Each structure stands twice: as C-alpha cells, then as structure tokens.
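Presented below is the structure to which this report refers.
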Amino acid sequence: MSTEARILVVDDEELTRHCLRSYFEEEGYTVFTADTAEQAEAILRSEAIDVLLLDIRLPGKDGLTLTRELRVNTEVGIILVTGRQDDVDRLIGLECGADEYITKPFNPREILARTKNLARRVRHCTDQKPTDSLPHNFKSFDRWKLNLDRRQLIDEQQQTTQLTEGEFQLLNTLMINAGKVMSRIQILEQIRNREWIPSDRTVDVLIGRLRRKLNDDPANPRTILTVHGTGYLFTPKPVDMT
C-alpha cells in the first residue's frame, strides 16, 4: 500500500481514535481523526480521503446518516465500526451503502487488511480516467455496460452509476451465472470475501439496491428475477466487449 493512502477515523472515543491512528501511521498511512460527523465532513471537504473508519454511534449526526449522504456523490470507501453485535445495524449499514462492517473489539490486523484492500480498490476507481479502460474491461447486458475496473454502470445515454463493492460483486456473480437460478447460499459463497457476516437478508438487501440502480421494477422485475423458495435468476446474456 502506498504511503499516500489517506484514512479518516471517525469515533467519539478518544482511545479508539488514538489506537487506530497510531496503528495505521506505523503502517505508512496518512491518518486524520474526527469525533463527530460534522468534523468528518469538514475534513472530507478539504482532504482527499480514501477510506473512512466510521463509528455508527456518534453524537449528533450518526454514522449511518453520514454514510447515506456520502454515497450520493462520493466513491470514498466506508467501513462501519460499532460495538453492537446487531444484525439490524449491519443490514441498515449495507442499505446505506457501506462497503464493510466491523464490530468492536476488533483485531488490528484484521481492520488493517480490510482497509488496505478497500483503499486499493477505491484508488483504482478514482485514479483511472475513463479513457484508460480497455475494451475487455467492460461487459454489456440489455441497455447497460458494466465497467469492471471502475465498478460503474453505464446506460445508453452514457450516464454512469457508481456501485459499492458489495453491489459490484453481487452483479458480477449474477452475470457470470446468467441463466442459472442461484440460491442465496450459492451467492453468499461467491461474495464471501467482502468479509460481512453473511445472512440471507444481506443478499436480499443487495438485490434491492441493484434493482433500483438498474431501474428494475421490484414488483415486476425483468433483469433480476426472484424464484420463490429458491433464489434469484439473472436473465440477460452478458457479452464481453472486446
């Protein structure tokens, strides 16, 4: 990981901020800290941040609200951190657009590994200009193109929609298995490297988010079909663009 990687730790516990800052600085990261969402927003306006380590429970604006707002116009990596072993929090964080979810107490090497991988992917997306992408880095289906390097959907008007890491991995998995009904278990086995604690509802939440971005009516979907009692079916036949 380049020493230029920039991390923002947002937590209202001073000890947590100090420990994470010290650990990441020892690994060559540039680290900023904030104890409120408002302070974090000010830093984000003035600094190019690769990854946020964001506590859910903050005074004032909470981490989930900040995640939802950031996802509107930024590709910054977001790892939610919480002291609660709460599946509801995890699913809400996923719904808001977080990339990862870690519960306290956490292993420093685990959080370092996740941050390193996420920062690399974020850098790859933000550093690369659209003209840098080679044709074989795209797949097409229906009226969409998927940029495999930048995790972006591109429609017929060349408008782009950014996917989170989880959305991208799920869509790519469905495309690879197009025409085959996939159970939730099968899907989870292929996106497990996202490091979320898997559950059936994780897949359902991600499917819902993908359908919205694909303008696939959940009441009458045409792209990602629900096979009741079994799982999901991706109906278009993807084409590698060469």
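In the structure tokens, the first chain shown is A, the next is B, and so on; residue numbers restart at 1 for each chain, and ligands run from 1 in the order shown.
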Please identify all polymer residues within 7 Å of range 200-215 of chain A, counting only C-alpha atoms, omitting same-chain residues fewer than 4 positions from it, and present them as a list in words.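 Once the adjacent positions are removed, what remains is Leu91, Glu95, Glu167 and Arg184 of chain A.
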Neighbours of Asp62 in chain A within 10 Å (only C-alpha atoms; same-chain residues fewer than 6 positions away dropped), as an MDAnalysis selection string? chainID A and resid 36:38 54:56
Please dump the current selection as a PDB file, in the first residue's frame; keep N, CA, C and O atoms.
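Now in result34.pdb:
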```pdb
ATOM      1  N   THR A  36     -16.897  13.699  15.521  1.00  0.00           N
ATOM      2  CA  THR A  36     -18.287  13.886  15.125  1.00  0.00           C
ATOM      3  C   THR A  36     -18.393  13.801  13.605  1.00  0.00           C
ATOM      4  O   THR A  36     -17.405  13.963  12.881  1.00  0.00           O
ATOM      5  N   ALA A  37     -19.612  13.572  13.128  1.00  0.00           N
ATOM      6  CA  ALA A  37     -19.845  13.537  11.682  1.00  0.00           C
ATOM      7  C   ALA A  37     -19.571  14.895  11.061  1.00  0.00           C
ATOM      8  O   ALA A  37     -19.060  14.985   9.939  1.00  0.00           O
ATOM      9  N   GLU A  38     -19.889  15.962  11.813  1.00  0.00           N
ATOM     10  CA  GLU A  38     -19.681  17.305  11.283  1.00  0.00           C
ATOM     11  C   GLU A  38     -18.197  17.593  11.082  1.00  0.00           C
ATOM     12  O   GLU A  38     -17.794  18.198  10.078  1.00  0.00           O
ATOM     13  N   LEU A  54     -15.675   4.460  10.269  1.00  0.00           N
ATOM     14  CA  LEU A  54     -16.758   5.300  10.771  1.00  0.00           C
ATOM     15  C   LEU A  54     -17.577   4.586  11.838  1.00  0.00           C
ATOM     16  O   LEU A  54     -18.204   3.557  11.570  1.00  0.00           O
ATOM     17  N   ASP A  55     -17.574   5.143  13.045  1.00  0.00           N
ATOM     18  CA  ASP A  55     -18.394   4.608  14.129  1.00  0.00           C
ATOM     19  C   ASP A  55     -19.862   4.914  13.844  1.00  0.00           C
ATOM     20  O   ASP A  55     -20.207   6.015  13.409  1.00  0.00           O
ATOM     21  N   ILE A  56     -20.735   3.945  14.070  1.00  0.00           N
ATOM     22  CA  ILE A  56     -22.162   4.160  13.834  1.00  0.00           C
ATOM     23  C   ILE A  56     -22.742   5.110  14.869  1.00  0.00           C
ATOM     24  O   ILE A  56     -23.488   6.032  14.553  1.00  0.00           O
TER      25      ILE A  56
END
```
Rounded to one decimal place, report the CA of Leu80 in chain A-CA of Tyr101 in chain A distance in Å.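 Between these atoms lies a distance of 4.7 Å.
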Near Tyr29 in chain A, within 12 Å and counting only C-alpha atoms, which residues show up once chain neighbours fewer than 5 positions away are dropped, as number ranges by chain? A: 1-9, 20-24, 49-51, 112, 115-116, 119
Need the shell around Asp12 in chain A: protein/DNA/RNA residues with any atom at most 12 Å away, counting only C-alpha atoms. Skip same-chain ones fewer than 4 positions apart. Format as a PyMOL selection string? chain A and resi 16-18+33-40+53-63+81-82
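Residue nearest Val72 in chain A within the list A:Arg120, A:Pro236, A:Phe32, A:Gln162: A:Gln162 [criterion: smallest interatomic distance, only C-alpha atoms].
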Using the chain letters and numbers from this document, which residues of range 17-226 of chain A does DSSP assign to helix (DSSP H, G or I), as a PyMOL selection string? chain A and resi 17-26+37-46+63-70+87-96+108-127+130-132+135-137+165-176+184-194+200-213
Name the closest residue to Glu100 in chain A among the candidates A:Asp142, A:Glu156, A:Glu25, A:Glu165; distances are taken between atoms, counting only C-alpha atoms. A:Glu165
Find the residues around range 175-181 of chain A up to 12 Å (only C-alpha atoms counted), leave out those fewer than 4 positions away in its own chain, and share them as an MDAnalysis selection string. chainID A and resid 139:142 145:146 148 168:171 185:187 190 223:240
Coordinates-based distance that separates CA of Val122 in chain A from CA of Glu13 in chain A (Å, one decimal):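 It comes out at 26.7 Å.
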Can you check which residues of range 18-234 of chain A DSSP gives as strand (DSSP E) on the backbone and send them as a VMD selection string? chain A and resid 30 to 34 51 to 55 77 to 82 100 to 103 138 to 141 144 to 147 152 to 154 160 to 162 181 to 183 224 to 227 231 to 234
